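J.: Hey, dropping query14.csv in here, CSV, C-alpha atoms:
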```
chain,number,residue,atom,x,y,z
A,1,MET,CA,64.4,-65.8,79.8
A,2,ALA,CA,63.3,-62.6,81.7
A,3,GLN,CA,64.3,-61.6,85.2
A,4,VAL,CA,61.4,-60.5,87.4
A,5,SER,CA,62.6,-57.8,89.9
A,6,ILE,CA,61.5,-54.3,90.8
A,7,GLY,CA,64.4,-52.7,92.6
A,8,ASP,CA,68.0,-52.6,93.6
A,9,SER,CA,67.7,-53.3,97.3
A,10,GLU,CA,69.0,-56.6,98.8
A,11,PHE,CA,65.5,-57.8,99.3
A,12,ASP,CA,64.6,-57.2,95.6
A,13,ARG,CA,67.8,-58.9,94.4
A,14,ASP,CA,67.3,-61.9,96.6
A,15,THR,CA,63.6,-62.3,95.7
A,16,ALA,CA,64.2,-61.9,92.0
A,17,VAL,CA,63.0,-64.8,89.8
A,18,THR,CA,63.7,-65.6,86.2
A,19,ARG,CA,60.9,-66.6,83.9
A,20,ARG,CA,62.1,-69.8,82.1
A,21,GLU,CA,58.8,-70.3,80.3
A,22,GLU,CA,55.2,-69.5,80.9
A,23,GLY,CA,54.4,-70.5,84.5
A,24,VAL,CA,57.9,-71.7,85.3
A,25,TYR,CA,60.4,-69.5,87.2
A,26,ASP,CA,64.0,-70.1,88.4
A,27,ALA,CA,65.2,-68.7,91.7
A,28,GLU,CA,68.2,-68.7,94.0
A,29,LEU,CA,67.4,-69.0,97.7
A,30,SER,CA,69.8,-66.7,99.4
A,31,ALA,CA,71.7,-67.8,102.6
A,32,GLY,CA,71.2,-64.2,103.8
A,33,TRP,CA,67.6,-64.9,104.9
A,34,THR,CA,68.3,-68.0,107.0
A,35,ILE,CA,67.3,-68.7,110.6
A,36,ILE,CA,69.9,-71.2,112.0
A,37,GLN,CA,70.1,-73.2,108.8
A,38,ALA,CA,66.6,-73.0,107.4
A,39,VAL,CA,65.4,-70.3,104.9
A,40,ASN,CA,62.9,-68.0,106.5
A,41,GLY,CA,59.3,-68.7,105.6
A,42,GLY,CA,58.3,-65.1,105.0
A,43,TYR,CA,61.2,-64.6,102.6
A,44,LEU,CA,60.1,-67.7,100.7
A,45,LEU,CA,56.5,-66.4,100.6
A,46,ALA,CA,57.7,-63.1,99.2
A,47,LEU,CA,59.8,-64.8,96.5
A,48,ILE,CA,56.8,-67.0,95.4
A,49,GLY,CA,54.6,-63.9,95.6
A,50,ARG,CA,56.8,-62.2,93.1
A,51,ALA,CA,56.5,-65.1,90.7
A,52,LEU,CA,52.7,-65.1,91.1
A,53,GLY,CA,52.6,-61.3,90.6
A,54,ASP,CA,54.2,-61.8,87.2
A,55,ALA,CA,52.1,-64.8,86.2
A,56,LEU,CA,48.7,-63.3,87.2
A,57,PRO,CA,47.0,-60.4,85.5
A,58,HIS,CA,46.6,-58.4,88.8
A,59,PRO,CA,49.7,-56.9,90.5
A,60,ASP,CA,49.1,-57.1,94.3
A,61,PRO,CA,48.8,-60.0,96.7
A,62,PHE,CA,45.5,-59.8,98.6
A,63,SER,CA,45.3,-63.2,100.3
A,64,VAL,CA,48.2,-65.8,100.3
A,65,SER,CA,47.9,-69.2,102.0
A,66,ALA,CA,51.0,-71.3,102.1
A,67,HIS,CA,51.6,-74.9,103.4
A,68,TYR,CA,55.3,-75.6,104.2
A,69,VAL,CA,55.8,-79.1,103.0
A,70,SER,CA,59.6,-79.5,103.8
A,71,ALA,CA,62.4,-77.2,105.0
A,72,SER,CA,64.1,-75.1,102.3
A,73,ARG,CA,67.8,-74.6,102.1
A,74,PRO,CA,69.9,-72.0,100.3
A,75,GLY,CA,70.5,-72.7,96.6
A,76,PRO,CA,68.6,-73.2,93.4
A,77,ALA,CA,64.9,-73.6,93.2
A,78,VAL,CA,62.1,-73.6,90.7
A,79,ILE,CA,58.6,-72.2,91.1
A,80,ARG,CA,55.8,-73.6,89.0
A,81,THR,CA,52.6,-71.4,88.8
A,82,GLN,CA,49.1,-72.0,87.5
A,83,THR,CA,46.3,-69.5,86.9
A,84,VAL,CA,43.2,-70.9,88.6
A,85,ARG,CA,40.8,-68.1,87.7
A,86,SER,CA,41.1,-64.6,86.2
A,87,GLY,CA,38.3,-62.2,87.1
A,88,ARG,CA,37.7,-58.5,86.8
A,89,THR,CA,38.8,-57.5,90.3
A,90,LEU,CA,40.6,-60.6,91.5
A,91,SER,CA,42.7,-63.4,90.0
A,92,THR,CA,43.5,-66.6,91.7
A,93,GLY,CA,46.6,-68.7,91.2
A,94,GLN,CA,48.6,-71.4,92.8
A,95,ALA,CA,52.3,-72.1,93.0
A,96,SER,CA,54.7,-74.6,94.3
A,97,LEU,CA,58.4,-74.1,95.1
A,98,PHE,CA,60.7,-77.1,94.4
A,99,GLN,CA,64.4,-77.8,95.1
A,100,TYR,CA,66.5,-80.6,93.9
A,101,ALA,CA,67.5,-83.7,95.9
A,102,ASP,CA,70.9,-85.2,95.5
A,103,ASP,CA,69.6,-87.6,92.8
A,104,GLY,CA,68.3,-84.7,90.8
A,105,THR,CA,64.6,-85.2,91.5
A,106,GLU,CA,62.4,-82.3,92.5
A,107,VAL,CA,61.3,-82.0,96.2
A,108,GLU,CA,58.3,-79.8,96.9
A,109,ARG,CA,59.0,-77.2,99.7
A,110,ILE,CA,56.0,-75.0,99.7
A,111,ARG,CA,52.5,-75.0,98.1
A,112,VAL,CA,50.6,-71.7,97.8
A,113,LEU,CA,47.1,-70.6,96.8
A,114,ALA,CA,46.7,-66.9,96.4
A,115,SER,CA,44.3,-64.2,95.3
A,116,TYR,CA,45.7,-61.1,93.6
A,117,GLY,CA,44.0,-57.7,92.9
A,118,ASP,CA,44.8,-54.0,92.6
A,119,LEU,CA,45.3,-52.3,96.0
A,120,ASP,CA,45.1,-48.8,94.4
A,121,ALA,CA,41.5,-49.6,93.1
A,122,LEU,CA,40.2,-50.3,96.6
A,123,SER,CA,37.6,-48.0,98.3
A,124,ASP,CA,38.8,-45.6,101.0
A,125,ASP,CA,36.0,-46.6,103.3
A,126,VAL,CA,37.4,-48.1,106.6
A,127,ARG,CA,35.3,-49.2,109.5
A,128,THR,CA,37.3,-51.0,112.2
A,129,THR,CA,37.7,-51.5,115.9
A,130,ALA,CA,41.3,-52.5,115.5
A,131,LYS,CA,43.9,-50.2,117.0
A,132,PRO,CA,47.7,-49.9,116.5
A,133,PRO,CA,49.8,-51.7,119.0
A,134,SER,CA,51.2,-49.7,121.9
A,135,ILE,CA,55.0,-49.7,121.5
A,136,PRO,CA,57.5,-47.4,123.1
A,137,PRO,CA,59.3,-45.0,120.7
A,138,ILE,CA,61.8,-46.7,118.5
A,139,GLU,CA,64.8,-45.2,120.3
A,140,HIS,CA,63.5,-46.9,123.5
A,141,CYS,CA,63.2,-50.4,122.0
A,142,LEU,CA,65.9,-53.1,121.7
A,143,GLY,CA,67.8,-54.5,118.8
A,144,SER,CA,69.8,-57.7,118.4
A,145,GLY,CA,72.9,-55.9,119.6
A,146,ASP,CA,71.4,-54.3,122.7
A,147,GLY,CA,71.3,-57.3,125.0
A,148,PRO,CA,74.0,-58.7,127.2
A,149,ALA,CA,74.4,-61.6,124.8
A,150,PRO,CA,73.3,-62.4,121.2
A,151,ILE,CA,69.7,-63.2,120.8
A,152,PRO,CA,69.3,-67.0,120.9
A,153,GLY,CA,68.8,-68.5,117.4
A,154,SER,CA,69.7,-65.2,115.7
A,155,SER,CA,71.4,-65.7,112.3
A,156,ALA,CA,71.9,-64.2,108.9
A,157,ILE,CA,68.4,-62.7,108.6
A,158,THR,CA,68.9,-60.3,111.5
A,159,ASP,CA,71.6,-58.4,109.5
A,160,ARG,CA,69.0,-57.6,106.9
A,161,LEU,CA,66.3,-56.3,109.2
A,162,MET,CA,65.8,-53.2,111.2
A,163,LEU,CA,64.1,-54.8,114.2
A,164,LYS,CA,63.5,-53.0,117.5
A,165,LEU,CA,61.6,-55.0,120.0
A,166,ASP,CA,59.3,-53.7,122.7
A,167,PRO,CA,61.2,-54.3,126.0
A,168,ALA,CA,58.0,-55.6,127.5
A,169,THR,CA,58.1,-58.6,125.1
A,170,CYS,CA,61.8,-59.5,125.1
A,171,GLY,CA,62.4,-60.7,128.6
A,172,TRP,CA,63.2,-64.1,127.0
A,173,ALA,CA,66.5,-62.6,125.7
A,174,VAL,CA,67.8,-62.2,129.3
A,175,GLY,CA,66.3,-65.4,130.7
A,176,ALA,CA,63.2,-63.8,132.1
A,177,PRO,CA,60.2,-64.5,129.7
A,178,SER,CA,56.9,-63.0,130.8
A,179,GLY,CA,54.9,-66.2,130.1
A,180,LYS,CA,52.7,-64.3,127.7
A,181,GLY,CA,52.7,-65.2,124.0
A,182,GLU,CA,53.3,-61.7,122.8
A,183,MET,CA,55.9,-60.1,120.5
A,184,ARG,CA,55.9,-56.4,119.4
A,185,ALA,CA,58.4,-54.5,117.4
A,186,TRP,CA,59.3,-51.7,115.0
A,187,PHE,CA,60.2,-53.2,111.7
A,188,GLY,CA,62.0,-52.3,108.5
A,189,LEU,CA,64.6,-53.5,106.1
A,190,SER,CA,68.2,-52.6,107.2
A,191,ASP,CA,69.0,-51.0,103.8
A,192,GLY,CA,66.1,-48.5,104.2
A,193,ARG,CA,63.9,-49.9,101.4
A,194,ASP,CA,60.3,-48.9,102.0
A,195,ALA,CA,57.7,-51.5,102.6
A,196,ASP,CA,55.4,-52.6,99.8
A,197,PRO,CA,52.8,-55.4,99.4
A,198,LEU,CA,55.4,-57.9,98.6
A,199,SER,CA,57.7,-57.2,101.5
A,200,LEU,CA,54.7,-57.4,103.9
A,201,LEU,CA,54.7,-61.2,103.1
A,202,LEU,CA,58.1,-61.2,104.8
A,203,THR,CA,57.2,-58.9,107.7
A,204,VAL,CA,54.5,-61.1,109.1
A,205,ASP,CA,57.1,-63.9,109.7
A,206,ALA,CA,60.2,-62.0,110.6
A,207,LEU,CA,59.9,-61.4,114.4
A,208,PRO,CA,61.3,-63.8,117.0
A,209,PRO,CA,58.7,-66.6,117.8
A,210,THR,CA,56.2,-65.8,120.5
A,211,ALA,CA,57.1,-69.2,122.0
A,212,PHE,CA,60.3,-67.5,123.3
A,213,GLU,CA,58.2,-65.2,125.5
A,214,ILE,CA,56.1,-68.2,126.7
A,215,GLY,CA,59.4,-69.7,127.9
A,216,ILE,CA,60.2,-72.2,125.2
A,217,LYS,CA,63.3,-71.9,123.1
A,218,GLY,CA,64.2,-73.6,119.8
A,219,TRP,CA,63.2,-73.7,116.2
A,220,VAL,CA,59.5,-73.0,115.5
A,221,PRO,CA,58.8,-74.4,112.0
A,222,THR,CA,55.8,-73.0,110.1
A,223,VAL,CA,53.2,-75.5,109.1
A,224,GLU,CA,50.8,-73.1,107.4
A,225,LEU,CA,50.7,-69.3,107.0
A,226,THR,CA,47.9,-67.2,105.6
A,227,THR,CA,48.5,-63.5,105.0
A,228,HIS,CA,46.0,-60.8,104.1
A,229,VAL,CA,47.4,-57.6,102.6
A,230,ARG,CA,44.9,-54.8,103.3
A,231,CYS,CA,46.5,-51.7,101.7
A,232,ARG,CA,49.7,-50.3,100.3
A,233,PRO,CA,51.9,-49.2,103.2
A,234,ALA,CA,53.0,-45.6,103.7
A,235,PRO,CA,56.8,-44.9,103.8
A,236,GLY,CA,58.4,-45.3,107.2
A,237,PRO,CA,58.9,-48.0,109.8
A,238,LEU,CA,56.2,-50.5,110.5
A,239,ARG,CA,54.8,-51.7,113.8
A,240,VAL,CA,54.2,-55.4,114.2
A,241,SER,CA,52.2,-57.2,116.9
A,242,ILE,CA,52.1,-60.9,117.2
A,243,ILE,CA,50.2,-62.9,119.8
A,244,THR,CA,49.7,-66.6,120.6
A,245,ARG,CA,46.6,-67.5,122.7
A,246,ASN,CA,46.8,-71.3,122.6
A,247,LEU,CA,49.7,-73.8,122.6
A,248,ALA,CA,48.3,-77.3,122.7
A,249,GLY,CA,49.2,-80.7,121.3
A,250,GLY,CA,52.7,-79.5,120.3
A,251,PHE,CA,51.3,-76.7,118.0
A,252,LEU,CA,50.7,-73.0,118.4
A,253,GLU,CA,49.1,-70.2,116.4
A,254,GLU,CA,50.6,-66.8,115.8
A,255,ASP,CA,48.2,-63.9,114.9
A,256,ALA,CA,50.0,-60.9,113.4
A,257,GLU,CA,49.0,-57.4,112.7
A,258,VAL,CA,51.2,-54.9,110.7
A,259,TRP,CA,50.6,-51.2,111.0
A,260,ASP,CA,52.2,-48.4,108.9
A,261,SER,CA,53.3,-44.9,109.7
A,262,ALA,CA,49.9,-43.5,108.9
A,263,ASP,CA,48.3,-45.8,111.6
A,264,ARG,CA,46.7,-48.1,109.0
A,265,LEU,CA,46.4,-51.8,109.4
A,266,VAL,CA,48.2,-52.9,106.2
A,267,ALA,CA,48.5,-56.7,106.8
A,268,GLN,CA,47.2,-59.5,108.9
A,269,SER,CA,48.2,-63.1,109.2
A,270,ARG,CA,47.6,-66.3,111.0
A,271,GLN,CA,50.2,-69.0,111.2
A,272,LEU,CA,50.2,-72.6,112.6
A,273,ALA,CA,53.6,-73.6,113.8
A,274,LEU,CA,55.2,-76.6,115.5
A,275,ALA,CA,56.2,-75.7,119.1
A,276,PRO,CA,59.7,-76.3,120.1
A,277,ARG,CA,60.3,-79.2,122.6
A,278,GLY,CA,61.5,-77.5,125.7
```
Take the structure from the file and write it as structure tokens.
T.:
Amino acid sequence: MAQVSIGDSEFDRDTAVTRREEGVYDAELSAGWTIIQAVNGGYLLALIGRALGDALPHPDPFSVSAHYVSASRPGPAVIRTQTVRSGRTLSTGQASLFQYADDGTEVERIRVLASYGDLDALSDDVRTTAKPPSIPPIEHCLGSGDGPAPIPGSSAITDRLMLKLDPATCGWAVGAPSGKGEMRAWFGLSDGRDADPLSLLLTVDALPPTAFEIGIKGWVPTVELTTHVRCRPAPGPLRVSIITRNLAGGFLEEDAEVWDSADRLVAQSRQLALAPRG
């Protein structure tokens, strides 16, 4: 067996996988990345992304689409991967993460289809109308300990994140939501680990739900999450902007953009989530 990990930070340790045999990886889902009692979907995506990065011939996630079949819990898991196609510039693979029921049978938690490539081989040509989000300086933004009371629903994952929210998007924390489905923040890992393509899979799903600022509180379980990694992030804190334009039929979408310290759009995502009942 060979352990697949790239660093000594808590994120690297907790997303490490062990290759049992070709295409099969053992993992331990850490309780340190839970929200209430469920394991965070972005953390799970990064963990599966590490297994796919080992299984496929290309190193970097370009596009990762995940369907969350059932809620994961801390504890042992197994990831089964399959190479769908291996090309010159892109390789495509699929993976499923399973956990064990009380009777020992495997229960599928997430199913992923992903394309991997080499970010360092991409052209420097950028033509875009996208602009970094307008967020106050980090010292003027609010962390989980800055409010009059703990952030509702906060849990173990908040201790592992450097998360500073734009005051304009955290009225919900003091009982005065704006009614707009927007969330903006400075983001990093609390131990200072710099962002990389794998940790971007966590970043897109690590902010409080936009539903809070709409005025609805409660767990917002992810149904499907697609992430595009656009380039390797520069060192330093990231800026994350998430917006919901439509909540209907009990479901909402969250569109996220992640910008690095060099003002580059490094990741984008769209997520379909189940709206809380409230």
J.: Pick out the residues sitting within 9 Å of Ala211 of chain A, and hand them over as a list in words; count all atoms listed in the file, and ignore anything fewer than 2 positions along from it in its own chain.
T.: Gly179, Lys180, Gly181, Glu182, Pro208, Pro209, Glu213, Ile214, Gly215, Ile216, Lys217, Gly218, Val220, Thr244, Leu247, Leu252, Ala275 and Pro276 of chain A
J.: Please list as an MDAnalysis selection string every residue within 12 Å of Asp205 of chain A, counting all atoms listed in the file and excluding residues in the same chain fewer than 3 positions away.
T.: chainID A and resid 33 35 39:46 157 161 183 187 199:202 208:210 220:222 224:227 240:242 254:258 267:273
J.: I'd like the neighbourhood of Leu189 of chain A as a VMD selection string, where a residue qualifies if any of its atoms comes within 10 Å (using all atoms listed in the file), though same-chain residues fewer than 3 positions away should be ignored.
T.: chain A and resid 9 to 11 158 to 163 192 to 195 199 203 237 to 238
J.: Take the residues from that selection and write them out as a PDB file, in the frame of the given file, keeping C-alpha atoms.
T.:
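The resulting file, out_26.pdb, is reproduced below:
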```
ATOM      1  CA  SER A   9      67.700 -53.300  97.300  1.00  0.00           C
ATOM      2  CA  GLU A  10      69.000 -56.600  98.800  1.00  0.00           C
ATOM      3  CA  PHE A  11      65.500 -57.800  99.300  1.00  0.00           C
ATOM      4  CA  THR A 158      68.900 -60.300 111.500  1.00  0.00           C
ATOM      5  CA  ASP A 159      71.600 -58.400 109.500  1.00  0.00           C
ATOM      6  CA  ARG A 160      69.000 -57.600 106.900  1.00  0.00           C
ATOM      7  CA  LEU A 161      66.300 -56.300 109.200  1.00  0.00           C
ATOM      8  CA  MET A 162      65.800 -53.200 111.200  1.00  0.00           C
ATOM      9  CA  LEU A 163      64.100 -54.800 114.200  1.00  0.00           C
ATOM     10  CA  GLY A 192      66.100 -48.500 104.200  1.00  0.00           C
ATOM     11  CA  ARG A 193      63.900 -49.900 101.400  1.00  0.00           C
ATOM     12  CA  ASP A 194      60.300 -48.900 102.000  1.00  0.00           C
ATOM     13  CA  ALA A 195      57.700 -51.500 102.600  1.00  0.00           C
ATOM     14  CA  SER A 199      57.700 -57.200 101.500  1.00  0.00           C
ATOM     15  CA  THR A 203      57.200 -58.900 107.700  1.00  0.00           C
ATOM     16  CA  PRO A 237      58.900 -48.000 109.800  1.00  0.00           C
ATOM     17  CA  LEU A 238      56.200 -50.500 110.500  1.00  0.00           C
TER      18      LEU A 238
END
```
J.: Which residues are near Ser134 of chain A? Cut-off 10 Å, all atoms listed in the file, ignore same chain within fewer than 4 positions. Put them as a list in words.
T.: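 Within the cut-off, the hits are Asp166, Arg184, Ala185, Arg239 and Ser241 of chain A.
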J.: Kindly indicate which residue among A:Ser155, A:Thr129, A:Ser86, A:Thr105 lies nearest to Gly117 of chain A, using only C-alpha atoms for the distances.
T.: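 Selected residue with least distance to Gly117 of chain A: A:Ser86.
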J.: To one decimal place in Å, what is the distance between atom CA of Gly93 of chain A and atom CA of Ala27 of chain A?
T.: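 These atoms are spaced 18.6 Å apart.
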